[in-house]
$ cat upload34.csv   # CSV, N, CA and C atoms
chain,number,residue,atom,x,y,z
A,1,MET,N,-20.9,116.2,147.8
A,1,MET,CA,-19.7,117.0,147.9
A,1,MET,C,-19.3,117.5,146.5
A,2,THR,N,-19.1,118.7,146.3
A,2,THR,CA,-18.6,119.2,145.0
A,2,THR,C,-17.1,119.2,145.0
A,3,THR,N,-16.5,119.0,143.9
A,3,THR,CA,-15.1,119.0,143.8
A,3,THR,C,-14.6,120.4,143.5
A,4,THR,N,-13.6,120.9,144.3
A,4,THR,CA,-13.1,122.2,144.0
A,4,THR,C,-12.0,122.1,142.9
A,5,PRO,N,-11.7,123.2,142.2
A,5,PRO,CA,-10.7,123.1,141.2
A,5,PRO,C,-9.3,122.7,141.7
A,6,ARG,N,-9.0,123.0,143.0
A,6,ARG,CA,-7.8,122.7,143.6
A,6,ARG,C,-7.7,121.2,143.8
A,7,ALA,N,-8.8,120.5,144.1
A,7,ALA,CA,-8.8,119.1,144.4
A,7,ALA,C,-8.8,118.2,143.1
A,8,ARG,N,-9.3,118.7,142.0
A,8,ARG,CA,-9.4,117.9,140.8
A,8,ARG,C,-8.1,117.3,140.4
A,9,PRO,N,-6.9,118.0,140.3
A,9,PRO,CA,-5.7,117.4,139.9
A,9,PRO,C,-5.3,116.2,140.8
A,10,VAL,N,-5.6,116.3,142.1
A,10,VAL,CA,-5.3,115.1,143.0
A,10,VAL,C,-6.2,113.9,142.6
A,11,GLU,N,-7.4,114.1,142.2
A,11,GLU,CA,-8.3,113.0,141.8
A,11,GLU,C,-7.7,112.4,140.5
A,12,PHE,N,-7.2,113.2,139.6
A,12,PHE,CA,-6.6,112.7,138.4
A,12,PHE,C,-5.4,111.9,138.7
A,13,GLU,N,-4.6,112.4,139.6
A,13,GLU,CA,-3.4,111.6,140.0
A,13,GLU,C,-3.8,110.3,140.6
A,14,ALA,N,-4.8,110.3,141.5
A,14,ALA,CA,-5.3,109.0,142.1
A,14,ALA,C,-5.8,108.1,141.0
A,15,ARG,N,-6.5,108.6,140.0
A,15,ARG,CA,-7.0,107.8,138.9
A,15,ARG,C,-5.8,107.2,138.2
A,16,ALA,N,-4.8,107.9,138.0
A,16,ALA,CA,-3.6,107.4,137.3
A,16,ALA,C,-3.0,106.2,138.1
A,17,VAL,N,-3.0,106.3,139.4
A,17,VAL,CA,-2.5,105.3,140.3
A,17,VAL,C,-3.3,104.0,140.1
A,18,LEU,N,-4.6,104.2,140.1
A,18,LEU,CA,-5.5,103.0,139.9
A,18,LEU,C,-5.3,102.4,138.5
A,19,ASP,N,-5.2,103.2,137.5
A,19,ASP,CA,-4.9,102.7,136.1
A,19,ASP,C,-3.6,101.9,136.1
A,20,ALA,N,-2.6,102.4,136.8
A,20,ALA,CA,-1.3,101.8,136.8
A,20,ALA,C,-1.3,100.4,137.5
A,21,GLN,N,-2.3,100.3,138.4
A,21,GLN,CA,-2.4,99.0,139.2
A,21,GLN,C,-3.3,98.0,138.5
A,22,GLY,N,-3.8,98.4,137.3
A,22,GLY,CA,-4.6,97.5,136.5
A,22,GLY,C,-6.1,97.6,136.7
A,23,TYR,N,-6.5,98.6,137.4
A,23,TYR,CA,-8.0,98.9,137.6
A,23,TYR,C,-8.5,99.7,136.5
A,24,HIS,N,-9.8,99.5,136.2
A,24,HIS,CA,-10.5,100.4,135.3
A,24,HIS,C,-11.1,101.4,136.2
A,25,ALA,N,-10.6,102.7,136.1
A,25,ALA,CA,-11.0,103.7,137.1
A,25,ALA,C,-12.1,104.6,136.6
A,26,LEU,N,-13.1,104.8,137.4
A,26,LEU,CA,-14.2,105.7,137.1
A,26,LEU,C,-14.2,106.9,138.1
A,27,ARG,N,-14.4,108.1,137.7
A,27,ARG,CA,-14.4,109.2,138.5
A,27,ARG,C,-15.8,109.8,138.7
A,28,PHE,N,-16.2,110.1,139.9
A,28,PHE,CA,-17.5,110.8,140.1
A,28,PHE,C,-17.3,112.3,140.2
A,29,ASN,N,-17.6,113.0,139.2
A,29,ASN,CA,-17.4,114.4,139.1
A,29,ASN,C,-18.6,115.1,139.8
A,30,GLY,N,-18.3,115.9,140.9
A,30,GLY,CA,-19.4,116.7,141.5
A,30,GLY,C,-20.4,115.9,142.2
A,31,SER,N,-20.2,114.7,142.5
A,31,SER,CA,-21.2,113.8,143.1
A,31,SER,C,-21.2,114.1,144.6
A,32,ARG,N,-22.4,113.8,145.2
A,32,ARG,CA,-22.5,113.9,146.7
A,32,ARG,C,-22.1,112.6,147.4
A,33,SER,N,-21.7,111.7,146.6
A,33,SER,CA,-21.3,110.4,147.1
A,33,SER,C,-20.0,110.6,147.9
A,34,PRO,N,-19.8,109.8,148.9
A,34,PRO,CA,-18.5,109.8,149.7
A,34,PRO,C,-17.4,109.2,148.9
A,35,VAL,N,-17.7,108.6,147.7
A,35,VAL,CA,-16.7,108.0,146.9
A,35,VAL,C,-16.3,108.9,145.7
A,36,ASN,N,-15.0,109.2,145.5
A,36,ASN,CA,-14.5,110.0,144.4
A,36,ASN,C,-14.2,109.2,143.2
A,37,LEU,N,-13.6,108.0,143.5
A,37,LEU,CA,-13.2,107.1,142.4
A,37,LEU,C,-13.6,105.7,142.7
A,38,VAL,N,-13.9,104.9,141.6
A,38,VAL,CA,-14.2,103.5,141.7
A,38,VAL,C,-13.2,102.8,140.8
A,39,GLY,N,-12.4,101.9,141.4
A,39,GLY,CA,-11.5,101.0,140.6
A,39,GLY,C,-12.1,99.7,140.5
A,40,ILE,N,-12.3,99.2,139.2
A,40,ILE,CA,-12.9,97.9,139.0
A,40,ILE,C,-11.7,97.0,138.5
A,41,GLY,N,-11.4,96.0,139.3
A,41,GLY,CA,-10.3,95.1,139.0
A,41,GLY,C,-10.9,93.7,138.6
A,42,GLU,N,-10.0,92.8,138.3
A,42,GLU,CA,-10.4,91.5,137.9
A,42,GLU,C,-11.1,90.7,139.1
A,43,LYS,N,-10.7,91.0,140.3
A,43,LYS,CA,-11.2,90.2,141.5
A,43,LYS,C,-11.8,91.1,142.5
A,44,GLU,N,-11.7,92.4,142.4
A,44,GLU,CA,-12.3,93.3,143.4
A,44,GLU,C,-12.7,94.6,142.9
A,45,VAL,N,-13.5,95.3,143.7
A,45,VAL,CA,-13.9,96.7,143.4
A,45,VAL,C,-13.4,97.5,144.5
A,46,LEU,N,-12.7,98.6,144.2
A,46,LEU,CA,-12.1,99.5,145.1
A,46,LEU,C,-12.8,100.8,145.1
A,47,LEU,N,-13.4,101.2,146.3
A,47,LEU,CA,-14.0,102.5,146.4
A,47,LEU,C,-13.1,103.4,147.1
A,48,VAL,N,-12.7,104.6,146.5
A,48,VAL,CA,-11.7,105.4,147.0
A,48,VAL,C,-12.3,106.8,147.2
A,49,GLN,N,-11.9,107.3,148.4
A,49,GLN,CA,-12.2,108.7,148.7
A,49,GLN,C,-10.8,109.4,148.8
A,50,VAL,N,-10.7,110.5,148.0
A,50,VAL,CA,-9.4,111.2,147.9
A,50,VAL,C,-9.5,112.5,148.6
A,51,ARG,N,-8.5,112.8,149.4
A,51,ARG,CA,-8.4,114.0,150.2
A,51,ARG,C,-7.0,114.6,150.0
A,52,ARG,N,-6.9,116.0,150.1
A,52,ARG,CA,-5.7,116.7,149.9
A,52,ARG,C,-5.3,117.4,151.2
A,53,GLU,N,-4.0,117.3,151.5
A,53,GLU,CA,-3.5,118.1,152.7
A,53,GLU,C,-2.2,118.8,152.3
A,54,ARG,N,-1.9,119.8,153.0
A,54,ARG,CA,-0.6,120.5,152.7
A,54,ARG,C,0.6,119.7,153.2
A,55,LEU,N,0.4,119.1,154.4
A,55,LEU,CA,1.5,118.4,155.0
A,55,LEU,C,1.0,116.9,155.2
A,56,PRO,N,1.9,116.0,155.3
A,56,PRO,CA,1.5,114.6,155.6
A,56,PRO,C,0.8,114.5,156.9
A,57,VAL,N,-0.2,113.6,157.0
A,57,VAL,CA,-0.9,113.4,158.2
A,57,VAL,C,0.0,112.4,159.0
A,58,PRO,N,0.3,112.8,160.3
A,58,PRO,CA,1.3,112.1,161.0
A,58,PRO,C,1.0,110.6,161.4
A,59,GLY,N,-0.2,110.2,161.4
A,59,GLY,CA,-0.5,108.8,161.7
A,59,GLY,C,-1.9,108.4,161.7
A,60,ILE,N,-2.2,107.2,162.0
A,60,ILE,CA,-3.6,106.7,161.9
A,60,ILE,C,-4.5,107.4,162.9
A,61,ARG,N,-4.0,107.7,164.1
A,61,ARG,CA,-4.9,108.5,165.0
A,61,ARG,C,-5.4,109.8,164.5
A,62,GLU,N,-4.4,110.5,163.8
A,62,GLU,CA,-4.8,111.8,163.3
A,62,GLU,C,-5.7,111.7,162.1
A,63,VAL,N,-5.5,110.6,161.2
A,63,VAL,CA,-6.4,110.4,160.1
A,63,VAL,C,-7.8,110.1,160.6
A,64,ASN,N,-7.8,109.2,161.7
A,64,ASN,CA,-9.1,108.8,162.2
A,64,ASN,C,-9.8,110.1,162.8
A,65,ALA,N,-9.1,110.9,163.5
A,65,ALA,CA,-9.7,112.1,164.1
A,65,ALA,C,-10.2,113.1,163.0
A,66,ARG,N,-9.3,113.3,162.0
A,66,ARG,CA,-9.6,114.3,161.0
A,66,ARG,C,-10.7,113.9,160.0
A,67,TYR,N,-10.7,112.6,159.7
A,67,TYR,CA,-11.6,112.2,158.6
A,67,TYR,C,-12.7,111.2,159.1
A,68,ARG,N,-13.0,111.2,160.4
A,68,ARG,CA,-14.0,110.3,160.9
A,68,ARG,C,-15.4,110.4,160.2
A,69,ALA,N,-15.9,111.6,160.0
A,69,ALA,CA,-17.2,111.7,159.3
A,69,ALA,C,-17.1,111.2,157.9
A,70,ASP,N,-16.0,111.4,157.2
A,70,ASP,CA,-15.8,110.9,155.8
A,70,ASP,C,-15.8,109.4,155.8
A,71,MET,N,-15.1,108.8,156.8
A,71,MET,CA,-15.0,107.3,156.8
A,71,MET,C,-16.3,106.7,157.2
A,72,ASP,N,-17.1,107.4,158.1
A,72,ASP,CA,-18.4,106.9,158.5
A,72,ASP,C,-19.3,106.9,157.3
A,73,ARG,N,-19.2,107.9,156.4
A,73,ARG,CA,-20.0,107.9,155.2
A,73,ARG,C,-19.6,106.7,154.2
A,74,LEU,N,-18.3,106.4,154.2
A,74,LEU,CA,-17.9,105.3,153.4
A,74,LEU,C,-18.4,104.0,154.0
A,75,ARG,N,-18.3,103.8,155.3
A,75,ARG,CA,-18.8,102.6,155.9
A,75,ARG,C,-20.2,102.4,155.7
A,76,ALA,N,-21.0,103.4,155.6
A,76,ALA,CA,-22.5,103.3,155.4
A,76,ALA,C,-22.9,102.7,154.1
A,77,ILE,N,-22.0,102.7,153.1
A,77,ILE,CA,-22.3,102.3,151.8
A,77,ILE,C,-22.6,100.8,151.8
A,78,GLY,N,-21.9,100.0,152.6
A,78,GLY,CA,-22.1,98.6,152.6
A,78,GLY,C,-21.4,98.0,151.4
A,79,GLY,N,-21.9,97.0,150.7
A,79,GLY,CA,-21.3,96.4,149.6
A,79,GLY,C,-20.9,95.0,149.8
A,80,PRO,N,-20.5,94.3,148.7
A,80,PRO,CA,-20.1,92.9,148.8
A,80,PRO,C,-18.7,92.8,149.4
A,81,ARG,N,-18.4,91.5,149.7
A,81,ARG,CA,-17.1,91.3,150.3
A,81,ARG,C,-15.9,91.6,149.4
A,82,CYS,N,-16.2,91.6,148.1
A,82,CYS,CA,-15.1,91.9,147.1
A,82,CYS,C,-14.9,93.4,147.0
A,83,CYS,N,-15.6,94.2,147.8
A,83,CYS,CA,-15.6,95.7,147.7
A,83,CYS,C,-14.7,96.2,148.8
A,84,THR,N,-13.6,96.9,148.5
A,84,THR,CA,-12.7,97.4,149.4
A,84,THR,C,-12.9,98.9,149.5
A,85,LYS,N,-12.9,99.5,150.7
A,85,LYS,CA,-13.0,101.0,150.8
A,85,LYS,C,-11.7,101.6,151.3
A,86,GLU,N,-11.3,102.6,150.7
A,86,GLU,CA,-10.0,103.2,151.1
A,86,GLU,C,-10.2,104.7,151.0
A,87,ILE,N,-9.3,105.4,151.9
A,87,ILE,CA,-9.2,106.8,151.8
A,87,ILE,C,-7.7,107.1,151.5
A,88,TRP,N,-7.5,107.9,150.5
A,88,TRP,CA,-6.2,108.3,150.0
A,88,TRP,C,-6.0,109.7,150.3
A,89,ILE,N,-4.9,110.0,151.0
A,89,ILE,CA,-4.6,111.4,151.3
A,89,ILE,C,-3.3,111.8,150.6
A,90,CYS,N,-3.4,112.9,149.8
A,90,CYS,CA,-2.3,113.4,149.1
A,90,CYS,C,-1.7,114.6,149.8
A,91,ALA,N,-0.4,114.5,150.2
A,91,ALA,CA,0.2,115.5,151.0
A,91,ALA,C,1.4,116.1,150.2
A,92,GLY,N,1.1,117.0,149.3
A,92,GLY,CA,2.2,117.7,148.6
A,92,GLY,C,3.2,116.8,147.9
A,93,GLN,N,4.4,117.0,148.1
A,93,GLN,CA,5.5,116.3,147.4
A,93,GLN,C,5.7,114.9,148.0
A,94,GLU,N,5.1,114.6,149.2
A,94,GLU,CA,5.2,113.3,149.8
A,94,GLU,C,4.4,112.3,149.1
A,95,GLY,N,3.4,112.7,148.3
A,95,GLY,CA,2.5,111.8,147.6
A,95,GLY,C,1.4,111.3,148.4
A,96,PHE,N,0.8,110.2,148.0
A,96,PHE,CA,-0.3,109.6,148.7
A,96,PHE,C,0.0,108.8,149.9
A,97,GLN,N,-0.9,108.9,150.9
A,97,GLN,CA,-0.9,107.9,152.0
A,97,GLN,C,-2.2,107.2,151.8
A,98,TYR,N,-2.2,105.8,152.0
A,98,TYR,CA,-3.3,105.0,151.6
A,98,TYR,C,-3.8,104.3,152.9
A,99,TYR,N,-5.1,104.3,153.2
A,99,TYR,CA,-5.7,103.7,154.3
A,99,TYR,C,-6.9,102.9,153.9
A,100,GLU,N,-7.0,101.6,154.3
A,100,GLU,CA,-8.2,100.8,154.1
A,100,GLU,C,-9.1,101.1,155.3
A,101,VAL,N,-10.4,101.3,154.9
A,101,VAL,CA,-11.4,101.6,155.9
A,101,VAL,C,-12.2,100.3,156.2
A,102,PHE,N,-12.2,99.9,157.5
A,102,PHE,CA,-13.0,98.8,158.0
A,102,PHE,C,-14.2,99.2,158.8
A,103,PRO,N,-15.1,98.3,159.1
A,103,PRO,CA,-16.2,98.7,159.9
A,103,PRO,C,-15.8,99.3,161.3
A,104,GLY,N,-14.7,98.8,161.9
A,104,GLY,CA,-14.3,99.2,163.2
A,104,GLY,C,-13.1,100.0,163.3
A,105,GLY,N,-12.5,100.4,162.1
A,105,GLY,CA,-11.3,101.2,162.2
A,105,GLY,C,-10.7,101.3,160.8
A,106,LEU,N,-9.3,101.5,160.8
A,106,LEU,CA,-8.7,101.7,159.5
A,106,LEU,C,-7.2,101.2,159.6
A,107,MET,N,-6.6,100.9,158.5
A,107,MET,CA,-5.3,100.3,158.5
A,107,MET,C,-4.5,101.0,157.3
A,108,GLU,N,-3.3,101.4,157.6
A,108,GLU,CA,-2.5,101.9,156.5
A,108,GLU,C,-2.1,100.8,155.5
A,109,VAL,N,-2.2,101.0,154.3
A,109,VAL,CA,-1.8,100.0,153.3
A,109,VAL,C,-0.8,100.5,152.3
A,110,GLU,N,0.0,99.5,151.7
A,110,GLU,CA,1.0,99.8,150.8
A,110,GLU,C,0.4,99.9,149.4
A,111,ARG,N,0.7,100.9,148.6
A,111,ARG,CA,0.3,101.0,147.2
A,111,ARG,C,1.6,101.3,146.5
A,112,PRO,N,1.5,101.5,145.2
A,112,PRO,CA,2.8,101.6,144.4
A,112,PRO,C,3.9,102.4,145.0
$ encode --input "upload34.csv" --output "structure tokens"
Amino acid sequence: MTTTPRARPVEFEARAVLDAQGYHALRFNGSRSPVNLVGIGEKEVLLVQVRRERLPVPGIREVNARYRADMDRLRAIGGPRCCTKEIWICAGQEGFQYYEVFPGGLMEVERP
């Protein structure tokens, strides 16, 4: 996946969120990987896929329907137990919605 100029600012915002949470954040520029950002913390590694929407996504069902292929690509990565996979959706002035991706589904999580 290549990053469009419109999406880049959202990735930089997400990186700032990771930095604020104490992660060392790495950004994959123009990568075909399903991961846009990697946050390396003291006890875990966080793999983040960042998406941008004009309006907030109304709920988990809609997130699951809209981003199923993206989440399946995240799930295929595998990784150790200390590796958490999340999809972050930035919806305009509402900011980010955060979802942890599990092998069988997803769950909304609280971030800053």
$ closest_residue --input "upload34.csv" --among "A:Val50, A:Val45, A:Leu37, A:Ile87" --to "A:Arg75" --atoms "only C-alpha atoms"
A:Ile87
$ atom_distance --input "upload34.csv" --atom1 "atom CA of A:Phe28" --atom2 "atom CA of A:Ala14"
12.5 Å
$ select_by_dssp --input "upload34.csv" --residues "chain A" --states "helix (DSSP H, G or I)" --output "number ranges by chain"
A: 8-20, 60-66, 68-75, 92-94
$ closest_residue --input "upload34.csv" --among "A:Asp72, A:Arg66, A:Gly39, A:Val101" --to "A:Arg27" --atoms "all atoms listed in the file"
A:Gly39
$ residues_around --input "upload34.csv" --residues "A:Leu18" --least-positions-apart "3" --cutoff "12 Å" --atoms "only C-alpha atoms" --output "list in words"
Glu11, Phe12, Glu13, Ala14, Arg15, Gln21, Gly22, Tyr23, His24, Ala25, Leu26, Arg27, Leu37, Val38, Gly39, Ile40, Gly41, Val45, Leu46, Leu47, Val48, Trp88, Arg111 and Pro112 of chain A
$ write_last_selection --input "upload34.csv" --atoms "N, CA and C atoms" --output "PDB file, in the frame of the given file"
ATOM      1  N   GLU A  11      -7.400 114.100 142.200  1.00  0.00           N
ATOM      2  CA  GLU A  11      -8.300 113.000 141.800  1.00  0.00           C
ATOM      3  C   GLU A  11      -7.700 112.400 140.500  1.00  0.00           C
ATOM      4  N   PHE A  12      -7.200 113.200 139.600  1.00  0.00           N
ATOM      5  CA  PHE A  12      -6.600 112.700 138.400  1.00  0.00           C
ATOM      6  C   PHE A  12      -5.400 111.900 138.700  1.00  0.00           C
ATOM      7  N   GLU A  13      -4.600 112.400 139.600  1.00  0.00           N
ATOM      8  CA  GLU A  13      -3.400 111.600 140.000  1.00  0.00           C
ATOM      9  C   GLU A  13      -3.800 110.300 140.600  1.00  0.00           C
ATOM     10  N   ALA A  14      -4.800 110.300 141.500  1.00  0.00           N
ATOM     11  CA  ALA A  14      -5.300 109.000 142.100  1.00  0.00           C
ATOM     12  C   ALA A  14      -5.800 108.100 141.000  1.00  0.00           C
ATOM     13  N   ARG A  15      -6.500 108.600 140.000  1.00  0.00           N
ATOM     14  CA  ARG A  15      -7.000 107.800 138.900  1.00  0.00           C
ATOM     15  C   ARG A  15      -5.800 107.200 138.200  1.00  0.00           C
ATOM     16  N   GLN A  21      -2.300 100.300 138.400  1.00  0.00           N
ATOM     17  CA  GLN A  21      -2.400  99.000 139.200  1.00  0.00           C
ATOM     18  C   GLN A  21      -3.300  98.000 138.500  1.00  0.00           C
ATOM     19  N   GLY A  22      -3.800  98.400 137.300  1.00  0.00           N
ATOM     20  CA  GLY A  22      -4.600  97.500 136.500  1.00  0.00           C
ATOM     21  C   GLY A  22      -6.100  97.600 136.700  1.00  0.00           C
ATOM     22  N   TYR A  23      -6.500  98.600 137.400  1.00  0.00           N
ATOM     23  CA  TYR A  23      -8.000  98.900 137.600  1.00  0.00           C
ATOM     24  C   TYR A  23      -8.500  99.700 136.500  1.00  0.00           C
ATOM     25  N   HIS A  24      -9.800  99.500 136.200  1.00  0.00           N
ATOM     26  CA  HIS A  24     -10.500 100.400 135.300  1.00  0.00           C
ATOM     27  C   HIS A  24     -11.100 101.400 136.200  1.00  0.00           C
ATOM     28  N   ALA A  25     -10.600 102.700 136.100  1.00  0.00           N
ATOM     29  CA  ALA A  25     -11.000 103.700 137.100  1.00  0.00           C
ATOM     30  C   ALA A  25     -12.100 104.600 136.600  1.00  0.00           C
ATOM     31  N   LEU A  26     -13.100 104.800 137.400  1.00  0.00           N
ATOM     32  CA  LEU A  26     -14.200 105.700 137.100  1.00  0.00           C
ATOM     33  C   LEU A  26     -14.200 106.900 138.100  1.00  0.00           C
ATOM     34  N   ARG A  27     -14.400 108.100 137.700  1.00  0.00           N
ATOM     35  CA  ARG A  27     -14.400 109.200 138.500  1.00  0.00           C
ATOM     36  C   ARG A  27     -15.800 109.800 138.700  1.00  0.00           C
ATOM     37  N   LEU A  37     -13.600 108.000 143.500  1.00  0.00           N
ATOM     38  CA  LEU A  37     -13.200 107.100 142.400  1.00  0.00           C
ATOM     39  C   LEU A  37     -13.600 105.700 142.700  1.00  0.00           C
ATOM     40  N   VAL A  38     -13.900 104.900 141.600  1.00  0.00           N
ATOM     41  CA  VAL A  38     -14.200 103.500 141.700  1.00  0.00           C
ATOM     42  C   VAL A  38     -13.200 102.800 140.800  1.00  0.00           C
ATOM     43  N   GLY A  39     -12.400 101.900 141.400  1.00  0.00           N
ATOM     44  CA  GLY A  39     -11.500 101.000 140.600  1.00  0.00           C
ATOM     45  C   GLY A  39     -12.100  99.700 140.500  1.00  0.00           C
ATOM     46  N   ILE A  40     -12.300  99.200 139.200  1.00  0.00           N
ATOM     47  CA  ILE A  40     -12.900  97.900 139.000  1.00  0.00           C
ATOM     48  C   ILE A  40     -11.700  97.000 138.500  1.00  0.00           C
ATOM     49  N   GLY A  41     -11.400  96.000 139.300  1.00  0.00           N
ATOM     50  CA  GLY A  41     -10.300  95.100 139.000  1.00  0.00           C
ATOM     51  C   GLY A  41     -10.900  93.700 138.600  1.00  0.00           C
ATOM     52  N   VAL A  45     -13.500  95.300 143.700  1.00  0.00           N
ATOM     53  CA  VAL A  45     -13.900  96.700 143.400  1.00  0.00           C
ATOM     54  C   VAL A  45     -13.400  97.500 144.500  1.00  0.00           C
ATOM     55  N   LEU A  46     -12.700  98.600 144.200  1.00  0.00           N
ATOM     56  CA  LEU A  46     -12.100  99.500 145.100  1.00  0.00           C
ATOM     57  C   LEU A  46     -12.800 100.800 145.100  1.00  0.00           C
ATOM     58  N   LEU A  47     -13.400 101.200 146.300  1.00  0.00           N
ATOM     59  CA  LEU A  47     -14.000 102.500 146.400  1.00  0.00           C
ATOM     60  C   LEU A  47     -13.100 103.400 147.100  1.00  0.00           C
ATOM     61  N   VAL A  48     -12.700 104.600 146.500  1.00  0.00           N
ATOM     62  CA  VAL A  48     -11.700 105.400 147.000  1.00  0.00           C
ATOM     63  C   VAL A  48     -12.300 106.800 147.200  1.00  0.00           C
ATOM     64  N   TRP A  88      -7.500 107.900 150.500  1.00  0.00           N
ATOM     65  CA  TRP A  88      -6.200 108.300 150.000  1.00  0.00           C
ATOM     66  C   TRP A  88      -6.000 109.700 150.300  1.00  0.00           C
ATOM     67  N   ARG A 111       0.700 100.900 148.600  1.00  0.00           N
ATOM     68  CA  ARG A 111       0.300 101.000 147.200  1.00  0.00           C
ATOM     69  C   ARG A 111       1.600 101.300 146.500  1.00  0.00           C
ATOM     70  N   PRO A 112       1.500 101.500 145.200  1.00  0.00           N
ATOM     71  CA  PRO A 112       2.800 101.600 144.400  1.00  0.00           C
ATOM     72  C   PRO A 112       3.900 102.400 145.000  1.00  0.00           C
TER      73      PRO A 112
END
$ atom_distance --input "upload34.csv" --atom1 "atom CA of A:Gly59" --atom2 "atom CA of A:Pro103"
18.8 Å
$ residues_near_point --input "upload34.csv" --point "(1.4, 120.4, 151.0)" --cutoff "6 Å" --atoms "all atoms listed in the file" --output "VMD selection string"
chain A and resid 53 to 55 91 to 93
$ atom_distance --input "upload34.csv" --atom1 "atom C of A:Gly79" --atom2 "atom N of A:Asn36"
16.0 Å
$ residues_near_point --input "upload34.csv" --point "(-6.3, 105.4, 163.2)" --cutoff "10 Å" --atoms "only C-alpha atoms" --output "list in words"
Gly59, Ile60, Arg61, Glu62, Val63, Asn64, Ala65, Arg66, Tyr67, Arg68, Tyr99, Val101, Gly105, Leu106, Met107 and Glu108 of chain A
$ closest_residue --input "upload34.csv" --among "A:Arg51, A:Val109, A:Ala69, A:Gln97" --to "A:Thr84" --atoms "only C-alpha atoms"
A:Val109
$ closest_residue --input "upload34.csv" --among "A:Pro9, A:Pro56, A:Ile89, A:Arg73" --to "A:Ser33" --atoms "only N, CA and C atoms"
A:Arg73
$ select_by_dssp --input "upload34.csv" --residues "chain A" --states "strand (DSSP E)" --output "NGL selection string"
:A and (24-27 or 37-40 or 45-53 or 83-91 or 96-102 or 105-109)
$ closest_residue --input "upload34.csv" --among "A:Gly78, A:Asp19, A:Lys43, A:Met71" --to "A:Glu100" --atoms "only C-alpha atoms"
A:Met71
$ closest_residue --input "upload34.csv" --among "A:Leu74, A:Val17, A:Val57, A:Arg8" --to "A:Pro34" --atoms "all atoms listed in the file"
A:Leu74
$ decode --input "upload34.csv" --residues "stretch 61-72 of chain A" --atoms "N, CA and C atoms" --output "compact mmCIF listing (two decimals), in the first residue's frame"
# COMPACT_ATOMS: atom_id res chain seq x y z
N ARG A 61 -19.46 -3.29 14.29
CA ARG A 61 -19.97 -4.00 13.09
C ARG A 61 -19.55 -3.30 11.81
N GLU A 62 -19.67 -1.99 11.79
CA GLU A 62 -19.29 -1.23 10.60
C GLU A 62 -17.78 -1.28 10.37
N VAL A 63 -17.00 -1.19 11.44
CA VAL A 63 -15.54 -1.31 11.32
C VAL A 63 -15.19 -2.68 10.75
N ASN A 64 -15.83 -3.71 11.28
CA ASN A 64 -15.57 -5.08 10.83
C ASN A 64 -15.93 -5.24 9.35
N ALA A 65 -17.05 -4.67 8.94
CA ALA A 65 -17.47 -4.80 7.54
C ALA A 65 -16.57 -3.99 6.61
N ARG A 66 -16.23 -2.78 7.01
CA ARG A 66 -15.48 -1.87 6.15
C ARG A 66 -14.01 -2.25 6.03
N TYR A 67 -13.44 -2.79 7.10
CA TYR A 67 -12.00 -3.05 7.13
C TYR A 67 -11.64 -4.52 7.28
N ARG A 68 -12.54 -5.41 6.91
CA ARG A 68 -12.30 -6.85 7.06
C ARG A 68 -11.01 -7.30 6.36
N ALA A 69 -10.81 -6.88 5.13
CA ALA A 69 -9.61 -7.30 4.39
C ALA A 69 -8.34 -6.77 5.06
N ASP A 70 -8.39 -5.53 5.53
CA ASP A 70 -7.23 -4.97 6.22
C ASP A 70 -6.92 -5.74 7.49
N MET A 71 -7.95 -6.07 8.25
CA MET A 71 -7.74 -6.81 9.49
C MET A 71 -7.25 -8.23 9.22
N ASP A 72 -7.74 -8.85 8.16
CA ASP A 72 -7.26 -10.19 7.80
C ASP A 72 -5.77 -10.17 7.46
